[in-house]
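These notes concern the structure reproduced below.
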Amino acid sequence: MLRHALRGVPAAVALPVAAIALAAVAAAPATPQDVAEFGLGPQLAAVRKATARYQDVRVAIAYGYVSEQHCIAMPGTGAMGVHFVHPERMGLVMKDGRIDGTDTEIDPTQPELLIYEPQKDGGLTLVAVEYYTSQEAWGPAPPPTFYGVPFNDMKDDPSTPDVDEGHGFTPHYDLHVWLYRENPRGMFAQWNPAVSCPVTPEGHATH
Ligand SMILES: [Cu+2]
């Protein structure tokens with residue numbers, strides 16, 4: 001009993017210190033503009049709290065996220081980075097050579113994708129979380145929202161054969177939330193000019 005109580009003391013002291021250290025590394029808060037515009041300060045804080053662990057990519061992998069390998073950029077507009085998908089949370093299936101999903105549940109604390117920016121030293125820095133559902137699975141209802149912020153309608157445009165607006169996915173709804181890298185274009189924009197992909201021999205980044 002006494003030993004148990006003594007052992008409990010250092011843990012109780014250490015806990016707040018660890019909490020403060022975690023708060024210090026948790027990056028970019030929502031800009032005042034985002035909070036004012038959408039009034040989502042507490043919701044964004046909750047998502048950040050639930051996803052801060054994925055700043056260590058090894059933790060993300062342990063939780064089931066899988067790298068999509070390519071760093072996606074739109075030169076002149078910005079980049080996303082390297083997507084890590086969670087096959088289970090998406091209900092991932094392949095359809096006509098594209099990624100499709102059968103799961104329509106959207107849980108803000110359990111994003112279907114995480115996005116990392118490759119670093120010069122080979123490391124990966126978490127920059128955003130992303131929510132996803134396939135349009136076919138979702139059905140004719142209005143697009144899903146993140147606390148009222150509507151998802152983007154994403155599908156390949158057959159009239160631009162050299163660009164894949166669907167990014168390898170079948171038609172889907174998605175929303176990026178730039179919780180870990182402040183985005184000058186806004187918290188929920190598709191592309192972030194403050195994120196970059198490494199220059200490849202073929203040119204600047206892939207799409
Ligand atoms: Cu993306």
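Identifiers for the structure tokens are assigned positionally: chains receive A, B, ... in sequence, residues are indexed from 1 per chain, and ligands are indexed from 1 in the order shown.
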
*Can you tell me which residues come within 8 Å of ligand 1 when counting only C-alpha atoms and all ligand atoms, ideally as a ChimeraX atom specification?*
/A:72,80-81,83,115,130,174-176,190-191

*Which polymer residues have any atom within 9 Å of an atom of Gln110 in chain A, counting only C-alpha atoms, with same-chain residues fewer than 6 positions away left out, as a ChimeraX atom specification?*
/A:47,50-51,89,131

*Pick out the residues sitting within 8 Å of Ser67 in chain A, and hand them over as a PyMOL selection string; count only C-alpha atoms, and ignore anything fewer than 2 positions along from it in its own chain.*
chain A and resi 65+69+82-85

*Which of range 6-197 of chain A counts as helix (DSSP H, G or I) under DSSP, as a ChimeraX atom specification please?*
/A:6-25,32-38,41-55,57-62,87-90,135-138

Selection to disk with C-alpha atoms, as a PDB file, in the first residue's frame:
ATOM      1  CA  LEU A   6       5.211   6.292  -3.089  1.00  0.00           C
ATOM      2  CA  ARG A   7       5.454   5.008  -6.609  1.00  0.00           C
ATOM      3  CA  GLY A   8       2.463   7.133  -7.497  1.00  0.00           C
ATOM      4  CA  VAL A   9       4.135  10.376  -6.465  1.00  0.00           C
ATOM      5  CA  PRO A  10       6.746  10.778  -9.189  1.00  0.00           C
ATOM      6  CA  ALA A  11       4.191   9.808 -11.833  1.00  0.00           C
ATOM      7  CA  ALA A  12       1.781  12.451 -10.616  1.00  0.00           C
ATOM      8  CA  VAL A  13       4.559  15.046 -10.665  1.00  0.00           C
ATOM      9  CA  ALA A  14       5.842  13.990 -14.066  1.00  0.00           C
ATOM     10  CA  LEU A  15       2.479  14.036 -15.803  1.00  0.00           C
ATOM     11  CA  PRO A  16       1.894  17.803 -15.962  1.00  0.00           C
ATOM     12  CA  VAL A  17       5.500  18.324 -17.136  1.00  0.00           C
ATOM     13  CA  ALA A  18       4.927  15.880 -19.989  1.00  0.00           C
ATOM     14  CA  ALA A  19       1.662  17.599 -20.838  1.00  0.00           C
ATOM     15  CA  ILE A  20       3.415  20.975 -21.028  1.00  0.00           C
ATOM     16  CA  ALA A  21       6.176  19.544 -23.246  1.00  0.00           C
ATOM     17  CA  LEU A  22       3.565  18.069 -25.595  1.00  0.00           C
ATOM     18  CA  ALA A  23       1.720  21.367 -25.787  1.00  0.00           C
ATOM     19  CA  ALA A  24       4.980  23.095 -26.726  1.00  0.00           C
ATOM     20  CA  VAL A  25       5.648  20.842 -29.730  1.00  0.00           C
ATOM     21  CA  PRO A  32      -7.578  33.975 -35.522  1.00  0.00           C
ATOM     22  CA  GLN A  33      -9.191  34.374 -38.951  1.00  0.00           C
ATOM     23  CA  ASP A  34     -10.196  30.701 -39.109  1.00  0.00           C
ATOM     24  CA  VAL A  35     -11.562  30.704 -35.612  1.00  0.00           C
ATOM     25  CA  ALA A  36     -13.491  33.912 -36.255  1.00  0.00           C
ATOM     26  CA  GLU A  37     -14.780  32.724 -39.607  1.00  0.00           C
ATOM     27  CA  PHE A  38     -15.874  29.269 -38.570  1.00  0.00           C
ATOM     28  CA  GLY A  41     -11.577  26.851 -31.964  1.00  0.00           C
ATOM     29  CA  PRO A  42     -12.622  24.130 -29.496  1.00  0.00           C
ATOM     30  CA  GLN A  43     -13.329  21.564 -32.232  1.00  0.00           C
ATOM     31  CA  LEU A  44      -9.928  22.143 -33.862  1.00  0.00           C
ATOM     32  CA  ALA A  45      -8.247  21.935 -30.465  1.00  0.00           C
ATOM     33  CA  ALA A  46      -9.939  18.574 -29.842  1.00  0.00           C
ATOM     34  CA  VAL A  47      -8.822  17.196 -33.204  1.00  0.00           C
ATOM     35  CA  ARG A  48      -5.283  18.431 -32.576  1.00  0.00           C
ATOM     36  CA  LYS A  49      -5.288  16.724 -29.209  1.00  0.00           C
ATOM     37  CA  ALA A  50      -6.512  13.443 -30.724  1.00  0.00           C
ATOM     38  CA  THR A  51      -3.985  13.498 -33.572  1.00  0.00           C
ATOM     39  CA  ALA A  52      -0.850  15.035 -31.979  1.00  0.00           C
ATOM     40  CA  ARG A  53       0.534  11.517 -31.469  1.00  0.00           C
ATOM     41  CA  TYR A  54       0.860  11.112 -35.250  1.00  0.00           C
ATOM     42  CA  GLN A  55       3.560  13.779 -35.353  1.00  0.00           C
ATOM     43  CA  VAL A  57       5.178   8.845 -38.172  1.00  0.00           C
ATOM     44  CA  ARG A  58       6.091   5.550 -36.488  1.00  0.00           C
ATOM     45  CA  VAL A  59       3.061   5.985 -34.258  1.00  0.00           C
ATOM     46  CA  ALA A  60       0.863   6.615 -37.321  1.00  0.00           C
ATOM     47  CA  ILE A  61       2.142   3.413 -38.923  1.00  0.00           C
ATOM     48  CA  ALA A  62       1.514   1.519 -35.696  1.00  0.00           C
ATOM     49  CA  PRO A  87      -7.376   1.497 -45.270  1.00  0.00           C
ATOM     50  CA  GLU A  88      -9.692   0.400 -42.477  1.00  0.00           C
ATOM     51  CA  ARG A  89     -11.155   3.844 -41.795  1.00  0.00           C
ATOM     52  CA  MET A  90     -11.692   4.331 -45.542  1.00  0.00           C
ATOM     53  CA  GLN A 135     -19.082   9.683 -53.498  1.00  0.00           C
ATOM     54  CA  GLU A 136     -20.606   6.416 -54.594  1.00  0.00           C
ATOM     55  CA  ALA A 137     -20.608   5.111 -51.030  1.00  0.00           C
ATOM     56  CA  TRP A 138     -21.917   8.427 -49.648  1.00  0.00           C
TER      57      TRP A 138
END

*Can you list, as a count of residues only, all residues belonging to range 44-189 of chain A that DSSP tags as strand (DSSP E or B)?*
56

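If you measure from each of A:Val195, A:Val93, A:Leu179, A:Leu126 to Thr77 in chain A using only C-alpha atoms, the closest one turns out to be A:Val195.
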
_Let me make sure I understand: among A:Asn183, A:Thr160, A:Phe146, A:Gly166, which one has the smallest atom-to-atom distance to Gly39 in chain A if we use only C-alpha atoms?_
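Closest to Gly39 in chain A of all the choices is A:Phe146.
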
*asked:* Nearest residue to Val149 in chain A out of A:Leu40, A:Asp121, A:Val66, A:Arg98, using only C-alpha atoms?
replied: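 Distance minimum relative to Val149 in chain A lands on A:Leu40.
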
*Given the choices A:Thr109, A:Tyr147, A:Pro198, A:Thr104, which gets closest to Tyr173 in chain A if the distance is worked out from only C-alpha atoms?*
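Among A:Thr109, A:Tyr147, A:Pro198, A:Thr104, it is A:Thr104 that comes nearest to Tyr173 in chain A.
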
*asked:* If we count only C-alpha atoms and set the cut-off at 10 Å, which residues sit around His167 in chain A, ignoring sequence neighbours fewer than 4 positions away in its own chain? Please answer as an MDAnalysis selection string.
replied: chainID A and resid 72 98:99 154:156 163 171 207

Would you export the selected residues with N, CA and C atoms as a CSV table (one decimal), in the first residue's frame, please?
chain,number,residue,atom,x,y,z
A,72,ILE,N,2.6,15.1,-53.2
A,72,ILE,CA,1.7,15.8,-54.2
A,72,ILE,C,1.8,17.3,-54.1
A,98,ARG,N,-8.2,2.7,-59.5
A,98,ARG,CA,-8.3,3.9,-58.6
A,98,ARG,C,-8.6,3.5,-57.2
A,99,ILE,N,-8.2,4.3,-56.2
A,99,ILE,CA,-8.6,4.0,-54.8
A,99,ILE,C,-10.0,4.4,-54.6
A,154,MET,N,-14.4,16.1,-55.3
A,154,MET,CA,-13.1,15.8,-56.1
A,154,MET,C,-13.4,14.7,-57.1
A,155,LYS,N,-13.1,15.0,-58.3
A,155,LYS,CA,-13.2,13.9,-59.3
A,155,LYS,C,-12.3,14.3,-60.5
A,156,ASP,N,-11.9,13.3,-61.2
A,156,ASP,CA,-11.1,13.6,-62.4
A,156,ASP,C,-11.9,14.2,-63.5
A,163,VAL,N,-4.0,16.0,-66.5
A,163,VAL,CA,-4.1,16.2,-65.1
A,163,VAL,C,-5.1,15.3,-64.4
A,171,PRO,N,-14.3,9.3,-57.8
A,171,PRO,CA,-14.9,10.5,-57.3
A,171,PRO,C,-15.2,10.5,-55.8
A,207,HIS,N,2.3,14.9,-59.2
A,207,HIS,CA,0.9,15.3,-59.0
A,207,HIS,C,0.0,14.1,-59.1

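Using only C-alpha atoms, the nearest neighbour of Val199 in chain A within the list A:Thr170, A:Pro118, A:Gly123, A:Val129 is A:Pro118.
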
*Which value, in Å to one decimal, gives the distance between CA of Met187 in chain A and CA of Glu165 in chain A?*
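These two atoms are separated by 20.6 Å.
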
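Going from CA of Arg181 in chain A over to CA of Pro150 in chain A, you cover 20.7 Å.
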
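Relative to CA of Gly139 in chain A, CA of His70 in chain A is found at 29.0 Å.
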